[in-house]
There are 4 protein chains.
Amino acid sequence: MNKPLTIIPDVQGSVDTRQIAINKVGIKALKHPLQILARNGEAQGTVALCNMYVDLAHDAKGTHMSRFLELLNAQDSALDMESFQFLLSDMVQRLEAQRGYIEFSFPYFIRKAAPVSGVESYLDYEVTLLGEIKDGEPSVTLKVLVPVTSLCPCSKKISAYGAHNQRSHVTVSVRPLGNLWIEDIIELIERQASSELFGILKRSDEKLVTERAYENPKFVEDMVRDVAAQLNQHPNVAAYVVEAENFESIHNHSAYAVIEKDKQASVAS
Amino acid sequence: MNKPLTIIPDVQGSVDTRQIAINKVGIKALKHPLQILARNGEAQGTVALCNMYVDLAHDAKGTHMSRFLELLNAQDSALDMESFQFLLSDMVQRLEAQRGYIEFSFPYFIRKAAPVSGVESYLDYEVTLLGEIKDGEPSVTLKVLVPVTSLCPCSKKISAYGAHNQRSHVTVSVRPLGNLWIEDIIELIERQASSELFGILKRSDEKLVTERAYENPKFVEDMVRDVAAQLNQHPNVAAYVVEAENFESIHNHSAYAVIEKDKQASVAS
Amino acid sequence: MNKPLTIIPDVQGSVDTRQIAINKVGIKALKHPLQILARNGEAQGTVALCNMYVDLAHDAKGTHMSRFLELLNAQDSALDMESFQFLLSDMVQRLEAQRGYIEFSFPYFIRKAAPVSGVESYLDYEVTLLGEIKDGEPSVTLKVLVPVTSLCPCSKKISAYGAHNQRSHVTVSVRPLGNLWIEDIIELIERQASSELFGILKRSDEKLVTERAYENPKFVEDMVRDVAAQLNQHPNVAAYVVEAENFESIHNHSAYAVIEKDKQASVAS
Amino acid sequence: MNKPLTIIPDVQGSVDTRQIAINKVGIKALKHPLQILARNGEAQGTVALCNMYVDLAHDAKGTHMSRFLELLNAQDSALDMESFQFLLSDMVQRLEAQRGYIEFSFPYFIRKAAPVSGVESYLDYEVTLLGEIKDGEPSVTLKVLVPVTSLCPCSKKISAYGAHNQRSHVTVSVRPLGNLWIEDIIELIERQASSELFGILKRSDEKLVTERAYENPKFVEDMVRDVAAQLNQHPNVAAYVVEAENFESIHNHSAYAVIEKDKQASVAS
């Protein structure tokens, strides 16, 4: 292939005269392999969907798109909260920007033991690392989607037998104070569900989770309140959003609820 | 706008020398508004995702892409099986092809009355009209996805109380013999589920569907077998595929089963 | 089926003691047929994905889920900004709530004439109506996703011939002041793109849109700036977010940019 | 939690009397971490979406769902064609079935060097391993989706300058004869595209891929024919399906084509 002999003009590097700054510009929906540091100290390989943006001053024509990818392709150690924040700062510096934003979403696995038989299997969760730098201040949000069983208290109460139940998604977004692991949030949520889920359940396990769910009926409202109560008490949670979506087994739509709280704000949003 | 003054070359219309015929070529993933004729004689407006293909002889460079859209944009009456088959024939003729394939997928609504209170609400279904012409012979397949409740017989049997249940998708694809309406297939499937779904359920209705599901436990295997048994008996069904997918409320994966049958074939596939 | 003879307990209506209010609770991901009022005065039928939420006081156990659906199933006139706002107020009142939130997303069609041949065909857009009531104050946001062609200025400048181009999504969310139609926003965006899209293009049209795109190269940064400049001048736009996503034809990821502005705020967010 | 003291009944293991065999039954849409053996001998970690089914005799009530997961959770070596086929055979045996079907879909990465600058970055592909056992005969299909650039020959020919181009998906499903790696198929496809894609492109690279695409215009019909011609010649390909979908930059729909061939069949399907 012919190599360019002459200087190639830099269009993105030219001056812009429209007097309009851009809040965020960068790359979106890039798939990239990542290593995530688990609570047990091991690195877990996964595949992330990546968005990376910076701001752009009113007089700059364009950002340096390839630098986002260079940063990502140079990332060779497992990510935890600290190294994620370092990547964020590095990006803002390398892109010569004032603000920066990174969002990595990926499946994350935990090997769980079934409650009676003890048989082990993986369960998958959807995790998002969100980082933002404004005015030199980095902030990180950890978001975890945990699939659970929910069983309807009304259906149980009014029916002669049985109660409708279904898979639900409980999603918690946390701004941490100090140390907080993905596993911490998953466990906190699973303890509040009608029942947690498992990959493998033998018959003795299935009996137990069926009865446990029947003993712990929860509306979508109960789910977000009970998780919120735990997050209110947790010393390492500065702010949170907790959502629950029940894929109702008696309807073709979901029931949904959300509670937001910034524990450091004097008044609620 | 400047109109072209000279003749514009027709690249697609030129001769191809690679000696390779193309099985299907056309447009895919086009959104288009459609009218569908309901069993009650009324036309229902909806939005379809459309795929339309024809074959292409080895010596033709390209097909006439804009003709597919002209056909679709000229469609001004409500579709039923007959007019769908006419559109299919028309396409093959207009595209100067031997074979043709059309696939229209769209949400379809039925206004249902809740079982005790009688309150009415819409429930949505996913319907696909599939048509194919080979060797001059048109064949049409009607595919209907019906969301239902399934309740696990094992969980009910082994547990002191309760039983896990969940939303399930039962999908039937039918090659009809004579008349067959979308509504016919929906009703056939809903009668075999642990319970059918509704948009609005008052408390008296919720009690009934909860108890009905508990009284009618079905594995994913039972669901496809019971629907297959009905389709085996139905005089207007020439061939079918019935699938069931349970979005298990105790797992983060689905249970799935399928039965295929061509009643006109001497031996099963 | 047995009708209930006794009074059915109302679990949702009981008192909650956890002292935790819920920001939003309701129904999510419900498919429902809707009529939308077009600028030309005609009603356009479509299928919407609907989310409807209200707040819930700390001492109420649960909301009244079926009332959301009753409201929706009673909606029998075509929606415009005014009737949408009325539905929002009605919901907050019927649910005995302080705050309310509605989100309807749906495909919307415009019949366009090809630029040279004049041949007509539908083009589809994704529209979202978002309404919120806080402290008795309703506010409505109109969000429109417009698919366009973008052509890269850098690629054009540095290459001996050609320039990479691709489909892009430009999405504008507007808080209107006075009257604003879906069609107004679509036209505003399409005029700023390298080229607008069409369903049917004859060869004379294809020549024109190819050349027009080559004459109007735009980075993702240019697209959001040029649309922002138009929205800045528009008297009926109080606040806006404009996003552009280019599905890069030379990469397997997108380029993305966003500008947010509240014209009524003294300082930018 | 109370452990079961008595024997738990085995509902799935009971006898069925409906006289209807089931073609496929098992688990669907399970996310699971997998290792894939790359051509260079290294194992690549990824996350797969897994479907695993077996047939079920007419007199068996249900299959053994947990065994599918036990097989998957016991898989501890990197998969290649051979070990995948072994897993398939193992499944049929462990499930006491006659037929079996496995489908693993996952993102797969290749580290590519940009064509001029030589800068390295990952590009992602979607790969599916499909295995089926019928009548004791296992057969494996390897399916690879390769994103590429396509540039329209008609648009180039009729326009004074420029040519519309876009991202396209070329998907090849192959039944291999002997050895065939994912990388082999990717390279075969990328050589036939108007241009291949890269994660990172410096300006000198962008110039080259822009000009290369302009020099190699291809209709969707050309893409499938040129890939088919290569697959026809390839000694390790027994049968194939090649599809191309162009996400047209001048329309809001795709152009699509497919060629199917079983080289071992005496007549085409």
# chains A, B, ... in the order shown; residues from 1 in each chain; ligands from 1
>>> calpha_fit_rmsd(fixed="chain D", moving="chain B")
0.2 Å
>>> residues_around(residues="C:Asp55", least_positions_apart="4", cutoff="8 Å", atoms="only C-alpha atoms", output="list in words")
Ala21, Ile22, Asn23, Lys24, Val25, Ala97, Gln98, Arg99 and Gly100 of chain C
>>> write_last_selection(atoms="all heavy atoms", output="short mmCIF file (atom, residue, chain, number, x, y, z; two decimals), in the first residue's frame")
data_model
loop_
_atom_site.label_atom_id
_atom_site.label_comp_id
_atom_site.auth_asym_id
_atom_site.auth_seq_id
_atom_site.Cartn_x
_atom_site.Cartn_y
_atom_site.Cartn_z
N ALA C 21 -40.28 7.22 51.59
CA ALA C 21 -41.11 7.58 50.44
C ALA C 21 -40.48 7.03 49.16
O ALA C 21 -39.28 6.78 49.11
CB ALA C 21 -41.25 9.09 50.35
N ILE C 22 -41.30 6.85 48.14
CA ILE C 22 -40.82 6.32 46.86
C ILE C 22 -40.93 7.41 45.80
O ILE C 22 -41.98 8.02 45.65
CB ILE C 22 -41.63 5.06 46.47
CG1 ILE C 22 -41.30 3.94 47.47
CG2 ILE C 22 -41.33 4.63 45.05
CD1 ILE C 22 -42.03 2.64 47.24
N ASN C 23 -39.83 7.64 45.08
CA ASN C 23 -39.82 8.72 44.08
C ASN C 23 -40.77 8.44 42.93
O ASN C 23 -41.51 9.32 42.51
CB ASN C 23 -38.40 8.91 43.51
CG ASN C 23 -37.41 9.36 44.55
OD1 ASN C 23 -37.17 8.64 45.52
ND2 ASN C 23 -36.85 10.56 44.40
N LYS C 24 -40.68 7.22 42.41
CA LYS C 24 -41.53 6.87 41.27
C LYS C 24 -41.95 5.41 41.40
O LYS C 24 -41.10 4.55 41.63
CB LYS C 24 -40.76 7.00 39.94
CG LYS C 24 -40.41 8.40 39.51
CD LYS C 24 -39.57 8.34 38.24
CE LYS C 24 -39.02 9.72 37.87
NZ LYS C 24 -37.93 9.63 36.87
N VAL C 25 -43.22 5.15 41.17
CA VAL C 25 -43.69 3.76 41.11
C VAL C 25 -44.82 3.69 40.10
O VAL C 25 -45.64 4.60 39.99
CB VAL C 25 -44.11 3.23 42.49
CG1 VAL C 25 -45.19 4.10 43.14
CG2 VAL C 25 -44.57 1.78 42.40
N ALA C 97 -51.58 11.31 43.90
CA ALA C 97 -50.13 11.51 44.08
C ALA C 97 -49.77 12.99 44.02
O ALA C 97 -50.62 13.84 43.71
CB ALA C 97 -49.38 10.75 42.99
N GLN C 98 -48.52 13.30 44.35
CA GLN C 98 -48.02 14.67 44.26
C GLN C 98 -47.25 14.88 42.95
O GLN C 98 -47.22 15.96 42.40
CB GLN C 98 -47.09 14.98 45.45
CG GLN C 98 -47.76 14.81 46.79
CD GLN C 98 -48.99 15.71 46.92
OE1 GLN C 98 -48.93 16.89 46.62
NE2 GLN C 98 -50.11 15.13 47.34
N ARG C 99 -46.55 13.82 42.54
CA ARG C 99 -45.72 13.90 41.36
C ARG C 99 -46.12 12.84 40.36
O ARG C 99 -46.61 11.78 40.74
CB ARG C 99 -44.24 13.68 41.72
CG ARG C 99 -43.67 14.76 42.62
CD ARG C 99 -42.23 14.45 42.93
NE ARG C 99 -41.59 15.57 43.60
CZ ARG C 99 -40.28 15.75 43.68
NH1 ARG C 99 -39.45 14.86 43.13
NH2 ARG C 99 -39.78 16.79 44.30
N GLY C 100 -45.86 13.12 39.10
CA GLY C 100 -46.20 12.14 38.08
C GLY C 100 -45.21 12.20 36.94
O GLY C 100 -44.56 13.22 36.72
#
>>> closest_atom_pairs(of="chain C", to="chain A", cutoff="8 Å", atoms="only C-alpha atoms", output="JSON lines")
{"residue": "C:Ile8", "atom": "CA", "partner": "A:Ile158", "partner_atom": "CA", "distance": 6.0}
{"residue": "C:Pro9", "atom": "CA", "partner": "A:Ile158", "partner_atom": "CA", "distance": 6.4}
{"residue": "C:Asp10", "atom": "CA", "partner": "A:Cys154", "partner_atom": "CA", "distance": 7.4}
{"residue": "C:Val11", "atom": "CA", "partner": "A:Cys154", "partner_atom": "CA", "distance": 5.5}
{"residue": "C:Gln12", "atom": "CA", "partner": "A:Cys154", "partner_atom": "CA", "distance": 7.2}
{"residue": "C:Arg18", "atom": "CA", "partner": "A:Arg225", "partner_atom": "CA", "distance": 7.6}
{"residue": "C:Ile20", "atom": "CA", "partner": "A:Arg225", "partner_atom": "CA", "distance": 6.4}
{"residue": "C:Ala21", "atom": "CA", "partner": "A:Ile259", "partner_atom": "CA", "distance": 7.7}
{"residue": "C:Ile22", "atom": "CA", "partner": "A:Ile259", "partner_atom": "CA", "distance": 5.3}
{"residue": "C:Asn23", "atom": "CA", "partner": "A:Ile259", "partner_atom": "CA", "distance": 5.2}
{"residue": "C:Lys24", "atom": "CA", "partner": "A:Val258", "partner_atom": "CA", "distance": 5.3}
{"residue": "C:Val25", "atom": "CA", "partner": "A:Ala257", "partner_atom": "CA", "distance": 4.1}
{"residue": "C:Gly26", "atom": "CA", "partner": "A:Tyr256", "partner_atom": "CA", "distance": 5.4}
{"residue": "C:Ile27", "atom": "CA", "partner": "A:Ala255", "partner_atom": "CA", "distance": 4.7}
{"residue": "C:Lys28", "atom": "CA", "partner": "A:Ser254", "partner_atom": "CA", "distance": 4.9}
{"residue": "C:Ala29", "atom": "CA", "partner": "A:His253", "partner_atom": "CA", "distance": 5.4}
{"residue": "C:Leu30", "atom": "CA", "partner": "A:His253", "partner_atom": "CA", "distance": 4.7}
{"residue": "C:Lys31", "atom": "CA", "partner": "A:His253", "partner_atom": "CA", "distance": 7.6}
{"residue": "C:Lys61", "atom": "CA", "partner": "A:Glu221", "partner_atom": "CA", "distance": 7.5}
{"residue": "C:Gly62", "atom": "CA", "partner": "A:Glu221", "partner_atom": "CA", "distance": 6.3}
{"residue": "C:Met65", "atom": "CA", "partner": "A:Ala255", "partner_atom": "CA", "distance": 7.8}
{"residue": "C:Pro153", "atom": "CA", "partner": "A:Val11", "partner_atom": "CA", "distance": 7.2}
{"residue": "C:Cys154", "atom": "CA", "partner": "A:Val11", "partner_atom": "CA", "distance": 5.5}
{"residue": "C:Lys157", "atom": "CA", "partner": "A:Pro9", "partner_atom": "CA", "distance": 7.3}
{"residue": "C:Ile158", "atom": "CA", "partner": "A:Ile8", "partner_atom": "CA", "distance": 6.0}
{"residue": "C:Phe219", "atom": "CA", "partner": "A:Gly62", "partner_atom": "CA", "distance": 7.6}
{"residue": "C:Glu221", "atom": "CA", "partner": "A:Gly62", "partner_atom": "CA", "distance": 6.3}
{"residue": "C:Asp222", "atom": "CA", "partner": "A:Lys61", "partner_atom": "CA", "distance": 7.9}
{"residue": "C:Arg225", "atom": "CA", "partner": "A:Ile20", "partner_atom": "CA", "distance": 6.4}
{"residue": "C:Ala229", "atom": "CA", "partner": "A:Ile20", "partner_atom": "CA", "distance": 7.9}
{"residue": "C:Glu245", "atom": "CA", "partner": "A:Lys28", "partner_atom": "CA", "distance": 7.9}
{"residue": "C:Asn252", "atom": "CA", "partner": "A:Leu30", "partner_atom": "CA", "distance": 7.0}
{"residue": "C:His253", "atom": "CA", "partner": "A:Leu30", "partner_atom": "CA", "distance": 4.7}
{"residue": "C:Ser254", "atom": "CA", "partner": "A:Lys28", "partner_atom": "CA", "distance": 4.9}
{"residue": "C:Ala255", "atom": "CA", "partner": "A:Ile27", "partner_atom": "CA", "distance": 4.7}
{"residue": "C:Tyr256", "atom": "CA", "partner": "A:Gly26", "partner_atom": "CA", "distance": 5.4}
{"residue": "C:Ala257", "atom": "CA", "partner": "A:Val25", "partner_atom": "CA", "distance": 4.1}
{"residue": "C:Val258", "atom": "CA", "partner": "A:Lys24", "partner_atom": "CA", "distance": 5.3}
{"residue": "C:Ile259", "atom": "CA", "partner": "A:Asn23", "partner_atom": "CA", "distance": 5.2}
{"residue": "C:Glu260", "atom": "CA", "partner": "A:Asn23", "partner_atom": "CA", "distance": 6.8}
>>> select_by_dssp(residues="stretch 22-159 of chain D", states="alpha helix (DSSP H)", output="VMD selection string")
chain D and resid 65 to 74 81 to 94 153 to 158
>>> residues_around(residues="stretch 114-124 of chain A", least_positions_apart="4", cutoff="8 Å", atoms="only C-alpha atoms", output="list in words")
Pro107, Tyr108, Phe109, Ile110, Leu197, Phe198, Gly199, Ile200, Leu201, Lys202, Ser204, Asp205 and Leu208 of chain A; Asn252 of chain B; Lys3, Lys31, His32, Leu69, Glu70 and Asn73 of chain D
>>> write_last_selection(atoms="C-alpha atoms", output="mmCIF file, in the first residue's frame")
data_model
loop_
_atom_site.group_PDB
_atom_site.id
_atom_site.type_symbol
_atom_site.label_atom_id
_atom_site.label_comp_id
_atom_site.auth_asym_id
_atom_site.auth_seq_id
_atom_site.Cartn_x
_atom_site.Cartn_y
_atom_site.Cartn_z
ATOM 1 C CA PRO A 107 -21.447 -9.139 32.495
ATOM 2 C CA TYR A 108 -19.914 -10.241 35.794
ATOM 3 C CA PHE A 109 -20.045 -13.745 37.242
ATOM 4 C CA ILE A 110 -20.193 -15.138 40.756
ATOM 5 C CA LEU A 197 -31.460 -16.899 41.878
ATOM 6 C CA PHE A 198 -29.070 -19.753 41.083
ATOM 7 C CA GLY A 199 -27.749 -21.412 37.925
ATOM 8 C CA ILE A 200 -28.144 -25.001 39.156
ATOM 9 C CA LEU A 201 -30.881 -26.036 41.582
ATOM 10 C CA LYS A 202 -31.418 -29.685 42.518
ATOM 11 C CA SER A 204 -34.062 -30.138 47.354
ATOM 12 C CA ASP A 205 -32.869 -26.621 46.448
ATOM 13 C CA LEU A 208 -36.284 -24.417 49.503
ATOM 14 C CA ASN B 252 -31.408 -16.256 35.155
ATOM 15 C CA LYS D 3 -33.660 -29.619 54.981
ATOM 16 C CA LYS D 31 -24.811 -16.359 29.998
ATOM 17 C CA HIS D 32 -21.630 -18.255 30.794
ATOM 18 C CA LEU D 69 -25.723 -26.558 33.560
ATOM 19 C CA GLU D 70 -23.581 -29.176 35.249
ATOM 20 C CA ASN D 73 -20.018 -25.531 34.744
#
>>> atom_distance(atom1="atom CA of D:Ile133", atom2="atom CA of D:Tyr101")
6.5 Å
>>> residues_around(residues="stretch 171-187 of chain B", least_positions_apart="5", cutoff="6 Å", atoms="only C-alpha atoms", output="compact mmCIF listing (two decimals) with all heavy atoms, in the first residue's frame")
# COMPACT_ATOMS: atom_id res chain seq x y z
N THR B 141 -46.93 -18.68 5.96
CA THR B 141 -46.86 -19.14 7.35
C THR B 141 -47.28 -17.99 8.26
O THR B 141 -46.85 -16.87 8.09
CB THR B 141 -45.42 -19.58 7.71
OG1 THR B 141 -45.04 -20.64 6.84
CG2 THR B 141 -45.33 -20.04 9.15
N LEU B 142 -48.14 -18.32 9.22
CA LEU B 142 -48.58 -17.35 10.22
C LEU B 142 -47.92 -17.72 11.54
O LEU B 142 -48.05 -18.85 12.00
CB LEU B 142 -50.11 -17.42 10.34
CG LEU B 142 -50.74 -16.57 11.42
CD1 LEU B 142 -50.46 -15.09 11.21
CD2 LEU B 142 -52.26 -16.82 11.44
N LYS B 143 -47.18 -16.74 12.11
CA LYS B 143 -46.45 -17.00 13.36
C LYS B 143 -46.96 -16.05 14.43
O LYS B 143 -47.01 -14.84 14.21
CB LYS B 143 -44.96 -16.77 13.10
CG LYS B 143 -44.05 -17.07 14.28
CD LYS B 143 -42.59 -16.92 13.85
CE LYS B 143 -41.62 -17.15 14.98
NZ LYS B 143 -40.22 -17.00 14.52
N VAL B 144 -47.34 -16.60 15.58
CA VAL B 144 -47.90 -15.77 16.65
C VAL B 144 -47.20 -16.09 17.96
O VAL B 144 -47.12 -17.25 18.37
CB VAL B 144 -49.42 -16.02 16.80
CG1 VAL B 144 -50.00 -15.08 17.84
CG2 VAL B 144 -50.14 -15.85 15.47
N LEU B 145 -46.68 -15.05 18.59
CA LEU B 145 -46.05 -15.20 19.91
C LEU B 145 -47.05 -14.74 20.97
O LEU B 145 -47.47 -13.58 20.98
CB LEU B 145 -44.77 -14.35 19.97
CG LEU B 145 -43.92 -14.45 21.25
CD1 LEU B 145 -42.50 -13.96 20.97
CD2 LEU B 145 -44.48 -13.69 22.44
N ASN B 236 -57.59 -27.00 9.95
CA ASN B 236 -57.03 -25.96 9.09
C ASN B 236 -55.53 -25.74 9.29
O ASN B 236 -54.99 -24.72 8.90
CB ASN B 236 -57.79 -24.64 9.30
CG ASN B 236 -59.21 -24.71 8.78
OD1 ASN B 236 -59.67 -25.80 8.41
ND2 ASN B 236 -59.89 -23.59 8.73
N VAL B 237 -54.88 -26.71 9.93
CA VAL B 237 -53.43 -26.62 10.15
C VAL B 237 -52.74 -27.71 9.36
O VAL B 237 -52.94 -28.90 9.63
CB VAL B 237 -53.10 -26.74 11.66
CG1 VAL B 237 -51.60 -26.88 11.87
CG2 VAL B 237 -53.68 -25.55 12.43
N ALA B 238 -51.91 -27.31 8.38
CA ALA B 238 -51.21 -28.29 7.54
C ALA B 238 -49.87 -28.69 8.16
O ALA B 238 -49.44 -29.83 8.07
CB ALA B 238 -50.97 -27.71 6.15
N ALA B 239 -49.21 -27.73 8.79
CA ALA B 239 -47.90 -27.98 9.40
C ALA B 239 -47.70 -26.93 10.48
O ALA B 239 -48.29 -25.85 10.43
CB ALA B 239 -46.79 -27.88 8.36
N TYR B 240 -46.88 -27.26 11.46
CA TYR B 240 -46.69 -26.28 12.54
C TYR B 240 -45.34 -26.47 13.23
O TYR B 240 -44.72 -27.54 13.16
CB TYR B 240 -47.81 -26.38 13.58
CG TYR B 240 -47.83 -27.69 14.34
CD1 TYR B 240 -47.01 -27.89 15.46
CD2 TYR B 240 -48.67 -28.73 13.95
CE1 TYR B 240 -47.03 -29.10 16.16
CE2 TYR B 240 -48.69 -29.94 14.63
CZ TYR B 240 -47.88 -30.11 15.74
OH TYR B 240 -47.87 -31.30 16.41
N VAL B 241 -44.92 -25.40 13.89
CA VAL B 241 -43.82 -25.45 14.86
C VAL B 241 -44.37 -24.78 16.12
O VAL B 241 -44.90 -23.67 16.04
CB VAL B 241 -42.58 -24.66 14.37
CG1 VAL B 241 -41.46 -24.73 15.41
CG2 VAL B 241 -42.10 -25.18 13.03
N VAL B 242 -44.26 -25.44 17.25
CA VAL B 242 -44.66 -24.80 18.50
C VAL B 242 -43.46 -24.76 19.44
O VAL B 242 -42.81 -25.77 19.68
CB VAL B 242 -45.88 -25.48 19.16
CG1 VAL B 242 -45.71 -26.98 19.30
CG2 VAL B 242 -46.14 -24.87 20.55
N GLU B 243 -43.17 -23.55 19.92
CA GLU B 243 -42.06 -23.33 20.84
C GLU B 243 -42.58 -22.76 22.16
O GLU B 243 -43.55 -22.00 22.15
CB GLU B 243 -41.08 -22.29 20.29
CG GLU B 243 -40.46 -22.62 18.96
CD GLU B 243 -39.76 -21.40 18.40
OE1 GLU B 243 -40.44 -20.60 17.70
OE2 GLU B 243 -38.56 -21.23 18.64
>>> select_by_dssp(residues="stretch 8-141 of chain D", states="strand (DSSP E or B)", output="NGL selection string")
:D and (15 or 22-37 or 43-56 or 60 or 79 or 100-113 or 120-134 or 137-141)
>>> atom_distance(atom1="atom CA of A:Glu215", atom2="atom CA of A:Val148")
14.9 Å
>>> atom_distance(atom1="atom CA of C:Ile36", atom2="atom CA of C:Glu82")
11.7 Å
>>> decode(residues="stretch 198-210 of chain C", atoms="N, CA and C atoms", output="PDB file, in the first residue's frame")
ATOM      1  N   PHE C 198     -34.132   8.976   2.792  1.00  0.00           N
ATOM      2  CA  PHE C 198     -35.415   8.743   2.121  1.00  0.00           C
ATOM      3  C   PHE C 198     -35.660   7.236   2.057  1.00  0.00           C
ATOM      4  N   GLY C 199     -36.936   6.850   1.964  1.00  0.00           N
ATOM      5  CA  GLY C 199     -37.274   5.444   1.753  1.00  0.00           C
ATOM      6  C   GLY C 199     -36.915   5.028   0.332  1.00  0.00           C
ATOM      7  N   ILE C 200     -37.527   5.707  -0.651  1.00  0.00           N
ATOM      8  CA  ILE C 200     -37.262   5.406  -2.068  1.00  0.00           C
ATOM      9  C   ILE C 200     -36.369   6.486  -2.677  1.00  0.00           C
ATOM     10  N   LEU C 201     -35.308   6.067  -3.340  1.00  0.00           N
ATOM     11  CA  LEU C 201     -34.468   6.976  -4.133  1.00  0.00           C
ATOM     12  C   LEU C 201     -34.266   6.356  -5.506  1.00  0.00           C
ATOM     13  N   LYS C 202     -34.686   7.060  -6.549  1.00  0.00           N
ATOM     14  CA  LYS C 202     -34.374   6.618  -7.899  1.00  0.00           C
ATOM     15  C   LYS C 202     -32.923   7.041  -8.201  1.00  0.00           C
ATOM     16  N   ARG C 203     -32.368   6.600  -9.326  1.00  0.00           N
ATOM     17  CA  ARG C 203     -30.952   6.897  -9.595  1.00  0.00           C
ATOM     18  C   ARG C 203     -30.651   8.396  -9.601  1.00  0.00           C
ATOM     19  N   SER C 204     -31.573   9.194 -10.167  1.00  0.00           N
ATOM     20  CA  SER C 204     -31.344  10.648 -10.192  1.00  0.00           C
ATOM     21  C   SER C 204     -31.299  11.214  -8.771  1.00  0.00           C
ATOM     22  N   ASP C 205     -32.111  10.651  -7.875  1.00  0.00           N
ATOM     23  CA  ASP C 205     -32.107  11.080  -6.477  1.00  0.00           C
ATOM     24  C   ASP C 205     -30.824  10.646  -5.771  1.00  0.00           C
ATOM     25  N   GLU C 206     -30.376   9.429  -6.084  1.00  0.00           N
ATOM     26  CA  GLU C 206     -29.188   8.891  -5.420  1.00  0.00           C
ATOM     27  C   GLU C 206     -27.967   9.736  -5.772  1.00  0.00           C
ATOM     28  N   LYS C 207     -27.910  10.167  -7.056  1.00  0.00           N
ATOM     29  CA  LYS C 207     -26.827  11.051  -7.485  1.00  0.00           C
ATOM     30  C   LYS C 207     -26.851  12.336  -6.643  1.00  0.00           C
ATOM     31  N   LEU C 208     -28.031  12.892  -6.492  1.00  0.00           N
ATOM     32  CA  LEU C 208     -28.130  14.155  -5.752  1.00  0.00           C
ATOM     33  C   LEU C 208     -27.727  13.999  -4.285  1.00  0.00           C
ATOM     34  N   VAL C 209     -28.238  12.974  -3.589  1.00  0.00           N
ATOM     35  CA  VAL C 209     -27.920  12.864  -2.152  1.00  0.00           C
ATOM     36  C   VAL C 209     -26.448  12.498  -1.943  1.00  0.00           C
ATOM     37  N   THR C 210     -25.866  11.741  -2.878  1.00  0.00           N
ATOM     38  CA  THR C 210     -24.439  11.417  -2.773  1.00  0.00           C
ATOM     39  C   THR C 210     -23.599  12.690  -2.872  1.00  0.00           C
TER      40      THR C 210
END
